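Scroll down for the structure; my scribbles are underneath it.
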Amino acid sequence: MDSKYVYIINYPDYEQELCELEQLYLFGSQQQAGKKYRFSDKRMSAGLSPFFRQRLDILCQASSCEKLVQQVQEAQLHFDEFKIHYLKLDGDQLAYHERLQACKEVGYVVLGEANMHNPRVNLGLVIIEGTWILGVMEQHDAKWQHRTSKPHSYSNSLNNKLAKVAVNIACSDIESPTIVDPCCGVGTVVIEAQANGVDIQGYEINPLVAQQARENVMHFGFADVITNGNMHDITQKYDVAIIDIPYGLYAPTTRAEQLAILITAKRIASKLVLLTCDDLTLLLQEAGYTDIHIGMAHKNNAFSRHVCVCK
């Protein structure tokens, strides 16, 4: 385990496939199914993914607590106003008093003063595959959850978690990407992209919904990048298009209209992240996409969306 960082991950069982799809694009390789941690040399904010819980910048690692304490002593680690948090993963058999004792033993040899109530530096202690790891810990801030309450929303609106994952998948392999959401609805994807500092434009054909998207975006202090217009009139070229394809009672579309959306998406963007209730693989192929990767996003086992990444 020579990586610089370890990410602690969590998800409900019904979102495992979505989490692993996002990890594939964030880290560039498939994670072993079911593992709720990820080693990497890639440094990302703990708040980037809704499935990240902590990121540890690894300081020391050893095969036992005793050897870890020895390493910490030899490294003469020094932190002022620090606190050690034990991170208990699935399968960890240590009892509470053993975890508490381990934190005390490691903390005793860290140079500097501890601060249990208002620490300036948080350290994480975790056992992964029999290895004891100590690192500087960044906690997930869960800011995206505060953006779930928008002035305007609809029952079929994309939820913030899935929008955030879609943005992460879209941006993972492109430096400073330009993104378009050509069917942006009330602007959830636009909000999550701007929260990540991503350059995005949103288009909405319905003037009332476009205005609601503007109000939602500006409610969170982001720039008004919403255009009331038809996506088929877009002339600019973007790196990625993110589309939650219109569907259902409130936004019905025919197969011909869906195909037209996909063809235009191919014209205006090099990559497409498509969210849809139905499997549109054949329609994507008809639109000219040849590199298609599909995962599933489930909501409480009651509602599912296909997440298609297409080039």
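To be explicit about the labels: the chains of the structure tokens are called A, B, and onward in the order shown, and within each one the residues are counted from 1, while ligands get numbers from 1 in the order they are shown.
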
Test item: residues at most 6 Å from Arg305 in chain A, only C-alpha atoms, excluding those fewer than 2 positions along its chain, as JSON, numbers by chain: {"A": [276, 277, 296, 297]}

Filtered DSSP result for range 55-255 of chain A, state strand (DSSP E), as a PyMOL selection string: chain A and resi 55-62+82-87+121-128+131-139+178-181+199-204+226-228+238-244

Can those selected residues be exported to a file as a tab-separated table (two decimals), in the first residue's frame so that it contains C-alpha atoms?
chain	number	residue	atom	x	y	z
A	55	ARG	CA	-9.84	11.31	2.80
A	56	LEU	CA	-6.70	10.38	4.70
A	57	ASP	CA	-3.35	11.81	3.63
A	58	ILE	CA	-1.30	8.81	4.74
A	59	LEU	CA	1.45	9.50	7.27
A	60	CYS	CA	2.35	6.05	8.62
A	61	GLN	CA	1.19	2.47	8.15
A	62	ALA	CA	2.18	-0.77	9.87
A	82	PHE	CA	-4.88	17.65	17.10
A	83	LYS	CA	-7.45	14.94	17.64
A	84	ILE	CA	-7.34	11.30	16.53
A	85	HIS	CA	-10.53	9.75	15.13
A	86	TYR	CA	-10.88	5.99	14.79
A	87	LEU	CA	-12.61	5.09	11.50
A	121	VAL	CA	-5.89	19.13	12.85
A	122	ASN	CA	-7.90	15.93	12.60
A	123	LEU	CA	-6.02	12.64	12.29
A	124	GLY	CA	-7.69	9.42	11.19
A	125	LEU	CA	-6.75	5.92	12.37
A	126	VAL	CA	-8.09	2.97	10.38
A	127	ILE	CA	-7.40	-0.72	9.83
A	128	ILE	CA	-7.60	-1.84	6.19
A	131	THR	CA	-2.79	-2.76	7.99
A	132	TRP	CA	-2.98	0.05	10.55
A	133	ILE	CA	-2.97	3.44	8.85
A	134	LEU	CA	-2.63	6.94	10.33
A	135	GLY	CA	-3.27	10.01	8.21
A	136	VAL	CA	-4.34	13.63	8.22
A	137	MET	CA	-8.11	13.49	7.77
A	138	GLU	CA	-10.39	15.65	5.67
A	139	GLN	CA	-14.06	15.07	6.47
A	178	THR	CA	-16.84	23.00	-20.79
A	179	ILE	CA	-20.22	21.43	-20.12
A	180	VAL	CA	-23.72	22.01	-21.43
A	181	ASP	CA	-27.01	20.82	-20.00
A	199	ASP	CA	-17.82	25.98	-16.63
A	200	ILE	CA	-21.40	25.06	-17.62
A	201	GLN	CA	-24.25	26.46	-19.68
A	202	GLY	CA	-27.88	25.46	-19.27
A	203	TYR	CA	-30.64	25.59	-21.90
A	204	GLU	CA	-34.35	25.13	-21.24
A	226	ILE	CA	-29.48	29.70	-18.10
A	227	THR	CA	-30.73	30.37	-21.63
A	228	ASN	CA	-34.38	30.01	-22.57
A	238	TYR	CA	-18.69	21.72	-25.66
A	239	ASP	CA	-16.56	19.00	-24.13
A	240	VAL	CA	-19.49	17.26	-22.47
A	241	ALA	CA	-23.28	17.32	-22.55
A	242	ILE	CA	-25.22	16.10	-19.53
A	243	ILE	CA	-28.83	15.26	-20.35
A	244	ASP	CA	-31.62	14.01	-18.14

Straight-line distance linking CA of Gln145 in chain A with CA of Val165 in chain A, stated in Å to one decimal: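 One can read the CA of Gln145 in chain A to CA of Val165 in chain A distance as 13.1 Å.
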
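Using only C-alpha atoms for every distance, the candidate list A:His306, A:Arg255, A:Arg43, A:Lys311 yields A:Lys311 as the residue closest to Ser270 in chain A.
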
Residue nearest His146 in chain A among A:Ile191, A:Ala265, A:Ile174, A:Ile294 (counting only C-alpha atoms):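 So, comparing all the options, the nearest one is A:Ile191.
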
Among the residues A:Cys310, A:Leu208, A:Leu77, A:Leu262, the one that comes closest to Glu113 in chain A [using only C-alpha atoms]: A:Leu77
